[in-house]
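Chemist: To be precise about what I am sending: the file is called run.cif and holds mmCIF, C-alpha atoms.
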data_start
#
loop_
_atom_site.group_PDB
_atom_site.id
_atom_site.type_symbol
_atom_site.label_atom_id
_atom_site.label_comp_id
_atom_site.auth_asym_id
_atom_site.auth_seq_id
_atom_site.Cartn_x
_atom_site.Cartn_y
_atom_site.Cartn_z
ATOM 1 C CA MET A 1 23.125 3.440 -13.879
ATOM 2 C CA ARG A 2 19.439 4.347 -13.734
ATOM 3 C CA GLU A 3 18.358 7.407 -11.806
ATOM 4 C CA LEU A 4 15.558 7.005 -9.285
ATOM 5 C CA ARG A 5 12.908 9.454 -8.176
ATOM 6 C CA ILE A 6 11.069 8.796 -4.921
ATOM 7 C CA ILE A 7 7.454 9.962 -5.138
ATOM 8 C CA GLU A 8 5.814 10.314 -1.729
ATOM 9 C CA VAL A 9 2.026 10.073 -1.598
ATOM 10 C CA LYS A 10 0.904 10.740 1.981
ATOM 11 C CA SER A 11 -2.725 9.981 1.244
ATOM 12 C CA GLU A 12 -5.055 7.743 3.241
ATOM 13 C CA ILE A 13 -8.497 8.862 2.089
ATOM 14 C CA GLY A 14 -9.121 5.522 0.377
ATOM 15 C CA ALA A 15 -8.584 3.481 3.559
ATOM 16 C CA GLY A 16 -10.992 2.579 6.358
ATOM 17 C CA THR A 17 -8.319 2.724 9.092
ATOM 18 C CA ARG A 18 -6.417 5.918 9.810
ATOM 19 C CA GLY A 19 -2.627 6.204 9.757
ATOM 20 C CA SER A 20 -1.248 5.031 6.396
ATOM 21 C CA SER A 21 -0.498 8.632 5.373
ATOM 22 C CA LEU A 22 2.333 8.458 7.938
ATOM 23 C CA GLY A 23 3.905 5.451 6.217
ATOM 24 C CA SER A 24 6.552 7.196 4.130
ATOM 25 C CA ASP A 25 7.751 9.265 7.101
ATOM 26 C CA ALA A 26 7.952 6.098 9.212
ATOM 27 C CA ILE A 27 10.070 4.481 6.475
ATOM 28 C CA LYS A 28 12.349 7.544 6.558
ATOM 29 C CA ILE A 29 12.711 7.179 10.328
ATOM 30 C CA ALA A 30 13.605 3.510 9.801
ATOM 31 C CA ALA A 31 16.304 4.600 7.341
ATOM 32 C CA LEU A 32 17.747 6.971 9.958
ATOM 33 C CA ASP A 33 17.707 4.192 12.549
ATOM 34 C CA PHE A 34 19.712 2.049 10.149
ATOM 35 C CA GLY A 35 22.159 4.920 9.605
ATOM 36 C CA SER A 36 21.245 5.003 5.904
ATOM 37 C CA ARG A 37 21.544 8.064 3.651
ATOM 38 C CA PHE A 38 19.050 6.570 1.185
ATOM 39 C CA PHE A 39 16.694 9.540 1.251
ATOM 40 C CA LYS A 40 19.602 11.960 0.794
ATOM 41 C CA GLN A 41 20.916 10.072 -2.219
ATOM 42 C CA HIS A 42 17.784 10.221 -4.372
ATOM 43 C CA LYS A 43 15.491 12.934 -5.704
ATOM 44 C CA ILE A 44 12.188 13.155 -3.816
ATOM 45 C CA THR A 45 8.861 14.620 -4.900
ATOM 46 C CA GLU A 46 5.871 14.838 -2.561
ATOM 47 C CA ILE A 47 2.377 14.890 -4.064
ATOM 48 C CA PRO A 48 -0.022 17.312 -2.299
ATOM 49 C CA ASN A 49 -2.737 15.297 -0.522
ATOM 50 C CA GLU A 50 -6.449 15.649 0.184
ATOM 51 C CA ASN A 51 -6.420 14.314 3.756
ATOM 52 C CA HIS A 52 -8.449 17.313 4.933
ATOM 53 C CA LEU A 53 -11.422 15.323 3.572
ATOM 54 C CA LEU A 54 -11.035 12.972 6.542
ATOM 55 C CA LEU A 55 -12.441 15.759 8.727
ATOM 56 C CA GLU A 56 -15.576 15.980 6.589
ATOM 57 C CA SER A 57 -18.372 13.541 5.765
ATOM 58 C CA SER A 58 -17.164 10.512 3.813
ATOM 59 C CA GLY A 59 -19.892 11.348 1.299
ATOM 60 C CA ASN A 60 -20.695 8.646 -1.225
ATOM 61 C CA ALA A 61 -21.492 5.500 0.777
ATOM 62 C CA HIS A 62 -20.348 3.093 -1.945
ATOM 63 C CA ALA A 63 -17.178 5.025 -2.842
ATOM 64 C CA LYS A 64 -16.061 7.064 0.157
ATOM 65 C CA ARG A 65 -14.266 10.330 -0.634
ATOM 66 C CA ILE A 66 -14.170 9.397 -4.322
ATOM 67 C CA SER A 67 -13.773 13.042 -5.393
ATOM 68 C CA GLY A 68 -10.526 13.218 -3.425
ATOM 69 C CA VAL A 69 -9.364 9.837 -4.702
ATOM 70 C CA LEU A 70 -9.908 11.115 -8.262
ATOM 71 C CA THR A 71 -7.937 14.288 -7.515
ATOM 72 C CA MET A 72 -5.078 12.248 -6.044
ATOM 73 C CA ALA A 73 -5.061 9.789 -8.949
ATOM 74 C CA GLU A 74 -4.815 12.654 -11.452
ATOM 75 C CA ARG A 75 -1.937 14.273 -9.534
ATOM 76 C CA ILE A 76 -0.071 10.987 -9.199
ATOM 77 C CA ALA A 77 -0.614 10.179 -12.879
ATOM 78 C CA ASP A 78 0.843 13.535 -13.935
ATOM 79 C CA GLU A 79 3.920 13.117 -11.718
ATOM 80 C CA VAL A 80 4.585 9.508 -12.749
ATOM 81 C CA CYS A 81 4.184 10.447 -16.419
ATOM 82 C CA LYS A 82 6.596 13.366 -16.026
ATOM 83 C CA THR A 83 9.127 11.202 -14.161
ATOM 84 C CA LEU A 84 9.094 8.490 -16.827
ATOM 85 C CA LYS A 85 9.427 11.015 -19.640
ATOM 86 C CA SER A 86 12.454 12.445 -17.814
ATOM 87 C CA LYS A 87 14.032 8.948 -18.061
ATOM 88 C CA GLU A 88 13.889 8.526 -14.285
ATOM 89 C CA PHE A 89 12.574 5.422 -12.518
ATOM 90 C CA PRO A 90 9.615 6.244 -10.229
ATOM 91 C CA ILE A 91 9.461 4.565 -6.824
ATOM 92 C CA ILE A 92 6.153 5.383 -5.158
ATOM 93 C CA LEU A 93 5.770 5.397 -1.381
ATOM 94 C CA SER A 94 1.993 5.397 -1.040
ATOM 95 C CA GLY A 95 -0.352 5.624 1.869
ATOM 96 C CA ASP A 96 -3.431 3.615 0.953
ATOM 97 C CA HIS A 97 -3.535 1.394 -2.125
ATOM 98 C CA SER A 98 -6.107 3.452 -4.055
ATOM 99 C CA CYS A 99 -3.109 5.581 -5.096
ATOM 100 C CA SER A 100 -1.985 2.844 -7.490
ATOM 101 C CA ALA A 101 -4.833 3.684 -9.864
ATOM 102 C CA GLY A 102 -3.011 6.971 -10.447
ATOM 103 C CA THR A 103 0.377 5.280 -10.772
ATOM 104 C CA VAL A 104 -0.665 2.974 -13.614
ATOM 105 C CA SER A 105 -2.617 5.806 -15.243
ATOM 106 C CA GLY A 106 0.641 7.777 -15.266
ATOM 107 C CA ILE A 107 2.521 4.926 -16.937
ATOM 108 C CA ARG A 108 -0.156 4.687 -19.622
ATOM 109 C CA LYS A 109 -0.134 8.475 -20.109
ATOM 110 C CA ALA A 110 3.613 8.358 -20.686
ATOM 111 C CA PHE A 111 3.395 5.344 -23.007
ATOM 112 C CA PRO A 112 -0.152 5.228 -24.431
ATOM 113 C CA LYS A 113 0.728 2.698 -27.147
ATOM 114 C CA LEU A 114 2.514 0.194 -24.897
ATOM 115 C CA LYS A 115 1.004 -2.747 -23.000
ATOM 116 C CA VAL A 116 1.518 -2.550 -19.231
ATOM 117 C CA GLY A 117 1.620 -5.609 -16.987
ATOM 118 C CA VAL A 118 0.707 -5.372 -13.299
ATOM 119 C CA ILE A 119 2.238 -7.544 -10.578
ATOM 120 C CA TRP A 120 0.012 -7.146 -7.516
ATOM 121 C CA VAL A 121 1.760 -8.424 -4.389
ATOM 122 C CA ASP A 122 -1.085 -8.178 -1.901
ATOM 123 C CA ALA A 123 -3.270 -10.194 0.458
ATOM 124 C CA HIS A 124 -6.326 -8.664 -1.262
ATOM 125 C CA ALA A 125 -7.671 -8.606 -4.815
ATOM 126 C CA ASP A 126 -8.718 -4.906 -4.717
ATOM 127 C CA ILE A 127 -11.125 -5.511 -7.592
ATOM 128 C CA HIS A 128 -14.381 -4.196 -6.102
ATOM 129 C CA SER A 129 -16.433 -1.447 -7.702
ATOM 130 C CA PRO A 130 -19.045 0.891 -6.172
ATOM 131 C CA TYR A 131 -21.592 -1.733 -7.275
ATOM 132 C CA THR A 132 -20.025 -4.546 -5.204
ATOM 133 C CA THR A 133 -18.002 -3.008 -2.354
ATOM 134 C CA PRO A 134 -19.013 -4.124 1.153
ATOM 135 C CA SER A 135 -17.223 -1.167 2.796
ATOM 136 C CA GLY A 136 -17.115 1.723 0.330
ATOM 137 C CA ASN A 137 -13.363 2.060 0.980
ATOM 138 C CA MET A 138 -11.614 2.851 -2.265
ATOM 139 C CA HIS A 139 -8.351 1.096 -1.503
ATOM 140 C CA GLY A 140 -10.338 -2.031 -2.393
ATOM 141 C CA MET A 141 -11.010 -0.790 -5.951
ATOM 142 C CA PRO A 142 -7.814 0.173 -7.853
ATOM 143 C CA ILE A 143 -7.596 -2.958 -10.009
ATOM 144 C CA ALA A 144 -11.246 -2.527 -11.032
ATOM 145 C CA VAL A 145 -10.467 1.098 -11.945
ATOM 146 C CA LEU A 146 -7.603 -0.011 -14.194
ATOM 147 C CA LEU A 147 -9.653 -2.793 -15.801
ATOM 148 C CA ASP A 148 -12.674 -0.495 -16.345
ATOM 149 C CA GLU A 149 -14.607 -3.146 -14.427
ATOM 150 C CA ASP A 150 -18.030 -2.516 -12.829
ATOM 151 C CA ASN A 151 -18.895 -6.192 -12.179
ATOM 152 C CA LEU A 152 -22.607 -5.635 -12.762
ATOM 153 C CA ASP A 153 -23.137 -9.420 -12.775
ATOM 154 C CA CYS A 154 -22.543 -9.375 -9.006
ATOM 155 C CA ARG A 155 -24.203 -6.048 -8.269
ATOM 156 C CA VAL A 156 -25.312 -5.600 -4.643
ATOM 157 C CA ASN A 157 -25.253 -1.773 -4.320
ATOM 158 C CA THR A 158 -27.045 1.037 -6.122
ATOM 159 C CA PRO A 159 -24.575 3.950 -6.265
ATOM 160 C CA ASP A 160 -25.973 7.438 -6.821
ATOM 161 C CA GLN A 161 -25.315 9.363 -10.019
ATOM 162 C CA GLU A 162 -22.630 11.586 -8.473
ATOM 163 C CA THR A 163 -20.662 8.494 -7.447
ATOM 164 C CA LEU A 164 -21.000 7.007 -10.925
ATOM 165 C CA ASN A 165 -19.823 10.245 -12.549
ATOM 166 C CA TYR A 166 -16.661 10.277 -10.412
ATOM 167 C CA TRP A 167 -16.171 6.539 -10.979
ATOM 168 C CA TYR A 168 -16.338 7.072 -14.763
ATOM 169 C CA GLN A 169 -13.765 9.902 -14.547
ATOM 170 C CA LEU A 170 -11.472 7.777 -12.391
ATOM 171 C CA LYS A 171 -11.535 4.897 -14.860
ATOM 172 C CA ASN A 172 -10.930 7.273 -17.772
ATOM 173 C CA ILE A 173 -7.924 9.275 -16.528
ATOM 174 C CA GLY A 174 -5.759 10.109 -19.534
ATOM 175 C CA ASN A 175 -8.670 9.165 -21.824
ATOM 176 C CA ILE A 176 -7.501 5.539 -21.779
ATOM 177 C CA ALA A 177 -9.900 2.861 -20.511
ATOM 178 C CA PRO A 178 -9.274 0.118 -19.743
ATOM 179 C CA LYS A 179 -5.631 0.727 -18.782
ATOM 180 C CA ILE A 180 -4.886 -3.007 -18.560
ATOM 181 C CA SER A 181 -6.581 -6.321 -19.387
ATOM 182 C CA TYR A 182 -7.110 -9.336 -17.133
ATOM 183 C CA ARG A 183 -4.351 -11.139 -19.025
ATOM 184 C CA ASP A 184 -1.943 -8.375 -17.924
ATOM 185 C CA VAL A 185 -2.394 -8.993 -14.163
ATOM 186 C CA VAL A 186 -0.641 -11.411 -11.804
ATOM 187 C CA TYR A 187 -1.501 -11.677 -8.111
ATOM 188 C CA ILE A 188 1.089 -12.898 -5.623
ATOM 189 C CA ALA A 189 0.247 -13.783 -1.971
ATOM 190 C CA LEU A 190 -3.488 -13.237 -2.566
ATOM 191 C CA ARG A 191 -5.531 -14.876 0.194
ATOM 192 C CA ASP A 192 -8.488 -12.670 1.167
ATOM 193 C CA PHE A 193 -11.331 -11.713 -1.181
ATOM 194 C CA GLU A 194 -15.127 -11.556 -1.318
ATOM 195 C CA LYS A 195 -17.374 -13.712 -3.501
ATOM 196 C CA GLU A 196 -17.913 -10.849 -5.962
ATOM 197 C CA GLU A 197 -14.161 -10.619 -6.484
ATOM 198 C CA LYS A 198 -13.804 -14.395 -6.692
ATOM 199 C CA TYR A 199 -16.359 -14.371 -9.519
ATOM 200 C CA LEU A 200 -14.210 -11.991 -11.595
ATOM 201 C CA LEU A 201 -10.954 -13.810 -10.844
ATOM 202 C CA GLU A 202 -12.412 -17.166 -11.908
ATOM 203 C CA GLU A 203 -14.468 -15.864 -14.832
ATOM 204 C CA ASN A 204 -11.409 -14.151 -16.326
ATOM 205 C CA LYS A 205 -8.924 -16.917 -15.399
ATOM 206 C CA VAL A 206 -6.658 -14.438 -13.603
ATOM 207 C CA LYS A 207 -3.148 -15.711 -12.794
ATOM 208 C CA ILE A 208 -2.669 -16.130 -9.043
ATOM 209 C CA PHE A 209 0.331 -17.413 -7.101
ATOM 210 C CA PRO A 210 -0.906 -18.065 -3.540
ATOM 211 C CA ILE A 211 1.320 -18.503 -0.496
ATOM 212 C CA SER A 212 1.154 -22.286 -0.978
ATOM 213 C CA ALA A 213 2.876 -21.903 -4.357
ATOM 214 C CA ILE A 214 5.597 -19.753 -2.790
ATOM 215 C CA ARG A 215 6.202 -22.387 -0.111
ATOM 216 C CA LYS A 216 6.212 -25.204 -2.675
ATOM 217 C CA ASP A 217 8.399 -23.666 -5.373
ATOM 218 C CA GLY A 218 10.230 -20.771 -3.677
ATOM 219 C CA VAL A 219 9.961 -17.080 -4.488
ATOM 220 C CA GLU A 220 12.585 -17.052 -7.257
ATOM 221 C CA LYS A 221 10.605 -19.603 -9.292
ATOM 222 C CA ILE A 222 7.360 -17.736 -8.654
ATOM 223 C CA ALA A 223 8.982 -14.487 -9.777
ATOM 224 C CA GLU A 224 10.322 -16.124 -12.945
ATOM 225 C CA ALA A 225 6.929 -17.690 -13.703
ATOM 226 C CA THR A 226 5.274 -14.295 -13.189
ATOM 227 C CA LEU A 227 7.660 -12.526 -15.548
ATOM 228 C CA ASN A 228 7.259 -15.285 -18.141
ATOM 229 C CA TYR A 229 3.476 -14.985 -17.906
ATOM 230 C CA LEU A 230 3.748 -11.217 -18.572
ATOM 231 C CA ASP A 231 6.239 -11.628 -21.400
ATOM 232 C CA HIS A 232 3.648 -10.238 -23.837
ATOM 233 C CA CYS A 233 3.736 -6.875 -21.995
ATOM 234 C CA ASP A 234 6.052 -4.037 -23.005
ATOM 235 C CA LEU A 235 6.337 -2.603 -19.489
ATOM 236 C CA ILE A 236 5.695 -3.982 -15.997
ATOM 237 C CA TYR A 237 4.616 -2.258 -12.783
ATOM 238 C CA VAL A 238 5.245 -3.937 -9.419
ATOM 239 C CA SER A 239 2.963 -2.967 -6.536
ATOM 240 C CA PHE A 240 3.898 -4.232 -3.074
ATOM 241 C CA ASP A 241 1.276 -3.938 -0.334
ATOM 242 C CA VAL A 242 2.865 -4.701 3.027
ATOM 243 C CA ASP A 243 -0.184 -6.746 4.028
ATOM 244 C CA SER A 244 1.302 -9.431 1.769
ATOM 245 C CA LEU A 245 3.611 -10.037 4.741
ATOM 246 C CA ASP A 246 2.580 -12.287 7.609
ATOM 247 C CA PRO A 247 1.127 -10.188 10.463
ATOM 248 C CA SER A 248 2.216 -12.480 13.295
ATOM 249 C CA HIS A 249 5.160 -10.139 13.974
ATOM 250 C CA LEU A 250 4.492 -7.305 11.511
ATOM 251 C CA LYS A 251 1.287 -5.569 12.586
ATOM 252 C CA GLY A 252 1.798 -2.144 10.999
ATOM 253 C CA THR A 253 -0.859 -2.249 8.295
ATOM 254 C CA GLY A 254 -4.588 -1.571 8.301
ATOM 255 C CA THR A 255 -5.881 -4.842 6.810
ATOM 256 C CA PRO A 256 -3.648 -7.685 8.073
ATOM 257 C CA VAL A 257 -4.383 -11.257 6.922
ATOM 258 C CA PRO A 258 -2.772 -14.326 8.534
ATOM 259 C CA GLY A 259 -0.553 -16.627 6.500
ATOM 260 C CA GLY A 260 1.538 -14.149 4.513
ATOM 261 C CA MET A 261 5.135 -14.037 3.342
ATOM 262 C CA THR A 262 8.164 -13.669 5.567
ATOM 263 C CA LYS A 263 10.244 -10.530 5.144
ATOM 264 C CA LYS A 264 13.006 -12.624 3.519
ATOM 265 C CA GLU A 265 10.563 -14.141 1.021
ATOM 266 C CA ALA A 266 9.161 -10.715 0.156
ATOM 267 C CA GLU A 267 12.609 -9.200 -0.255
ATOM 268 C CA ASP A 268 13.827 -12.007 -2.514
ATOM 269 C CA LEU A 269 10.601 -11.871 -4.517
ATOM 270 C CA VAL A 270 10.734 -8.106 -5.093
ATOM 271 C CA VAL A 271 14.441 -8.093 -5.945
ATOM 272 C CA THR A 272 13.971 -10.873 -8.507
ATOM 273 C CA LEU A 273 10.982 -9.105 -10.064
ATOM 274 C CA VAL A 274 12.589 -5.666 -10.383
ATOM 275 C CA SER A 275 15.714 -7.156 -11.942
ATOM 276 C CA ASP A 276 13.681 -7.520 -15.144
ATOM 277 C CA LYS A 277 14.380 -4.727 -17.649
ATOM 278 C CA LYS A 278 10.668 -4.322 -18.415
ATOM 279 C CA VAL A 279 9.870 -3.201 -14.870
ATOM 280 C CA CYS A 280 9.382 0.575 -15.088
ATOM 281 C CA CYS A 281 7.865 1.444 -11.699
ATOM 282 C CA PHE A 282 7.794 0.069 -8.138
ATOM 283 C CA GLU A 283 5.335 0.991 -5.401
ATOM 284 C CA ILE A 284 5.100 0.233 -1.669
ATOM 285 C CA ALA A 285 1.723 0.819 -0.010
ATOM 286 C CA GLU A 286 -0.221 0.563 3.243
ATOM 287 C CA VAL A 287 2.513 0.954 5.889
ATOM 288 C CA ASN A 288 0.642 2.202 8.975
ATOM 289 C CA PRO A 289 2.933 3.091 11.902
ATOM 290 C CA THR A 290 -0.011 3.875 14.212
ATOM 291 C CA LEU A 291 -0.777 0.135 14.298
ATOM 292 C CA ASP A 292 2.860 -0.920 14.561
ATOM 293 C CA LYS A 293 5.175 -1.882 17.389
ATOM 294 C CA ASP A 294 8.702 -0.393 17.516
ATOM 295 C CA ASN A 295 8.321 0.757 13.870
ATOM 296 C CA LEU A 296 9.002 -2.839 12.816
ATOM 297 C CA MET A 297 6.902 -2.830 9.647
ATOM 298 C CA SER A 298 8.585 0.354 8.445
ATOM 299 C CA GLU A 299 12.019 -1.135 9.084
ATOM 300 C CA ASN A 300 11.108 -4.187 7.040
ATOM 301 C CA ALA A 301 9.587 -2.026 4.285
ATOM 302 C CA PHE A 302 12.744 0.097 4.181
ATOM 303 C CA GLU A 303 14.992 -2.925 3.786
ATOM 304 C CA ILE A 304 12.828 -4.198 0.924
ATOM 305 C CA LEU A 305 12.890 -0.699 -0.606
ATOM 306 C CA ARG A 306 16.685 -0.403 -0.277
ATOM 307 C CA HIS A 307 17.415 -3.793 -1.849
ATOM 308 C CA ALA A 308 14.892 -3.176 -4.634
ATOM 309 C CA SER A 309 16.396 0.251 -5.356
ATOM 310 C CA ASP A 310 19.943 -1.092 -5.532
ATOM 311 C CA THR A 311 18.759 -3.717 -8.031
ATOM 312 C CA ILE A 312 16.790 -1.245 -10.151
ATOM 313 C CA MET A 313 19.707 1.175 -10.455
ATOM 314 C CA ASN A 314 21.980 -1.555 -11.735
ATOM 315 C CA VAL A 315 19.663 -3.280 -14.228
#
Just give me the structure of the file as structure tokens.
Modeler:
Amino acid sequence: MRELRIIEVKSEIGAGTRGSSLGSDAIKIAALDFGSRFFKQHKITEIPNENHLLLESSGNAHAKRISGVLTMAERIADEVCKTLKSKEFPIILSGDHSCSAGTVSGIRKAFPKLKVGVIWVDAHADIHSPYTTPSGNMHGMPIAVLLDEDNLDCRVNTPDQETLNYWYQLKNIGNIAPKISYRDVVYIALRDFEKEEKYLLEENKVKIFPISAIRKDGVEKIAEATLNYLDHCDLIYVSFDVDSLDPSHLKGTGTPVPGGMTKKEAEDLVVTLVSDKKVCCFEIAEVNPTLDKDNLMSENAFEILRHASDTIMNV
């Protein structure tokens, strides 16, 4: 039976809406409400955060608080690397999704010679750079970080040199850049992206399974097709942003997009994905209890987490 380590990252400096740093605690409260001892049964590590930066100027307009995002990514990378080398399975409970740049960097640090596939279950593409971002919020950039992608073809911003220096360091954590290739990425439930992102997705023929494919074929088939597509990878990382869920009842996330998955679809999808032996890390991001009602999103996230964990331990 595999041993899990829960890594809590209570960071929200990459988001435009406040509150996602409270996500992991809200999931813990949901576990208590369910009478679960989940968080007593597994080892937990909390990464120190840089949320004090929220009280200061956001700084770089095209990459807000990028110095803090870099610091967090380096800390997360070190912890994920250490966890994997200890033969434990890291489950990351993240605040905003910029944290995932550190997670994948940690996998690559632990296994620099292996090819890592990324399954991005998210309403958004998160493939902006400081050159293309409309908001400057860094939770919209982690995939670009991992791909070492600037997207200069679609350049609309002129970032200052300080921003570009931090951006270069972020992309080069562990002295590996790019961390992944376009052929190593699969998007599931993607349905909201800007024209600059669309350009990259189409130009690089990125594999996408939209909600319509889930409804047509069912989540098990989509999961199997995803894993088959990433068969060339040695390891696989699954990142689950809760905005992949439909917000009609589940409002507890900062960037909701209509037309997402049901909780049952998401649960079945994640469980099928993590049952693959190549999956080495699972992350849940963007739970924001300040936008929620009756902690409903956290309860749903906990149930997905619990079922995924049970599967992972028994693979």
Chemist: Apply the PyMOL selection byres ((chain A and resi 207) around 12) to the structure shown and report the selected residues as a PDB file with C-alpha atoms, in the frame of the given file.
Modeler:
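Wrote result-v5.pdb, looks like this:
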ATOM      1  CA  GLY A 117       1.620  -5.609 -16.987  1.00  0.00           C
ATOM      2  CA  VAL A 118       0.707  -5.372 -13.299  1.00  0.00           C
ATOM      3  CA  ILE A 119       2.238  -7.544 -10.578  1.00  0.00           C
ATOM      4  CA  TRP A 120       0.012  -7.146  -7.516  1.00  0.00           C
ATOM      5  CA  ALA A 125      -7.671  -8.606  -4.815  1.00  0.00           C
ATOM      6  CA  SER A 181      -6.581  -6.321 -19.387  1.00  0.00           C
ATOM      7  CA  TYR A 182      -7.110  -9.336 -17.133  1.00  0.00           C
ATOM      8  CA  ARG A 183      -4.351 -11.139 -19.025  1.00  0.00           C
ATOM      9  CA  ASP A 184      -1.943  -8.375 -17.924  1.00  0.00           C
ATOM     10  CA  VAL A 185      -2.394  -8.993 -14.163  1.00  0.00           C
ATOM     11  CA  VAL A 186      -0.641 -11.411 -11.804  1.00  0.00           C
ATOM     12  CA  TYR A 187      -1.501 -11.677  -8.111  1.00  0.00           C
ATOM     13  CA  ILE A 188       1.089 -12.898  -5.623  1.00  0.00           C
ATOM     14  CA  ALA A 189       0.247 -13.783  -1.971  1.00  0.00           C
ATOM     15  CA  LEU A 190      -3.488 -13.237  -2.566  1.00  0.00           C
ATOM     16  CA  LEU A 200     -14.210 -11.991 -11.595  1.00  0.00           C
ATOM     17  CA  LEU A 201     -10.954 -13.810 -10.844  1.00  0.00           C
ATOM     18  CA  GLU A 202     -12.412 -17.166 -11.908  1.00  0.00           C
ATOM     19  CA  GLU A 203     -14.468 -15.864 -14.832  1.00  0.00           C
ATOM     20  CA  ASN A 204     -11.409 -14.151 -16.326  1.00  0.00           C
ATOM     21  CA  LYS A 205      -8.924 -16.917 -15.399  1.00  0.00           C
ATOM     22  CA  VAL A 206      -6.658 -14.438 -13.603  1.00  0.00           C
ATOM     23  CA  ILE A 208      -2.669 -16.130  -9.043  1.00  0.00           C
ATOM     24  CA  PHE A 209       0.331 -17.413  -7.101  1.00  0.00           C
ATOM     25  CA  PRO A 210      -0.906 -18.065  -3.540  1.00  0.00           C
ATOM     26  CA  ILE A 222       7.360 -17.736  -8.654  1.00  0.00           C
ATOM     27  CA  ALA A 225       6.929 -17.690 -13.703  1.00  0.00           C
ATOM     28  CA  THR A 226       5.274 -14.295 -13.189  1.00  0.00           C
ATOM     29  CA  LEU A 227       7.660 -12.526 -15.548  1.00  0.00           C
ATOM     30  CA  ASN A 228       7.259 -15.285 -18.141  1.00  0.00           C
ATOM     31  CA  TYR A 229       3.476 -14.985 -17.906  1.00  0.00           C
ATOM     32  CA  LEU A 230       3.748 -11.217 -18.572  1.00  0.00           C
TER      33      LEU A 230
END
Chemist: Translate the PyMOL selection byres ((chain A and resi 296-298) around 7), as applied to the file shown, into an explicit residue set as a PyMOL selection string.
Modeler: chain A and resi 26-27+30+250-252+287+292-295+299-302
Chemist: Give one line per residue of range 34-65 of chain A that approaches range 83-103 of chain A to at most 10 Å, naming the two atoms of the closest pair and their distance in Å to one decimal, counting all atoms listed in the file; sort by chain then ascending residue number and deliver it as a Markdown table.
Modeler:
| residue | atom | partner | partner_atom | distance |
| --- | --- | --- | --- | --- |
| A:Lys43 | CA | A:Glu88 | CA | 9.8 |
| A:Ile44 | CA | A:Ile91 | CA | 9.5 |
| A:Thr45 | CA | A:Ile92 | CA | 9.6 |
| A:Glu46 | CA | A:Leu93 | CA | 9.5 |
| A:Ile47 | CA | A:Ser94 | CA | 10.0 |
Chemist: So the first atom is CA of Ala285 in chain A and the second is CA of Leu273 in chain A; what is the distance between them in Å, to one decimal place?
Modeler: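 Taking CA of Ala285 in chain A and CA of Leu273 in chain A, their separation equals 16.9 Å.
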Chemist: Any idea what's packed within 10 Å of Ala61 in chain A, counting all atoms listed in the file, ignoring anything in its chain fewer than 3 positions away? Could you give it as a PyMOL selection string?
Modeler: chain A and resi 57-58+64-66+130+133-137+157-160+163
Chemist: Rank A:Val274, A:Leu305, A:Ile214, A:Ala63 by their smallest atom-to-atom distance to Leu164 in chain A, using only C-alpha atoms, and report the top residue only.
Modeler: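 Looking only at the distances to Leu164 in chain A, the closest residue turns out to be A:Ala63.
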Chemist: If I take CA of Asp241 in chain A and CA of Cys280 in chain A, how far is one from the other in Å, to one decimal?
Modeler: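 Going from CA of Asp241 in chain A over to CA of Cys280 in chain A, I get 17.4 Å.
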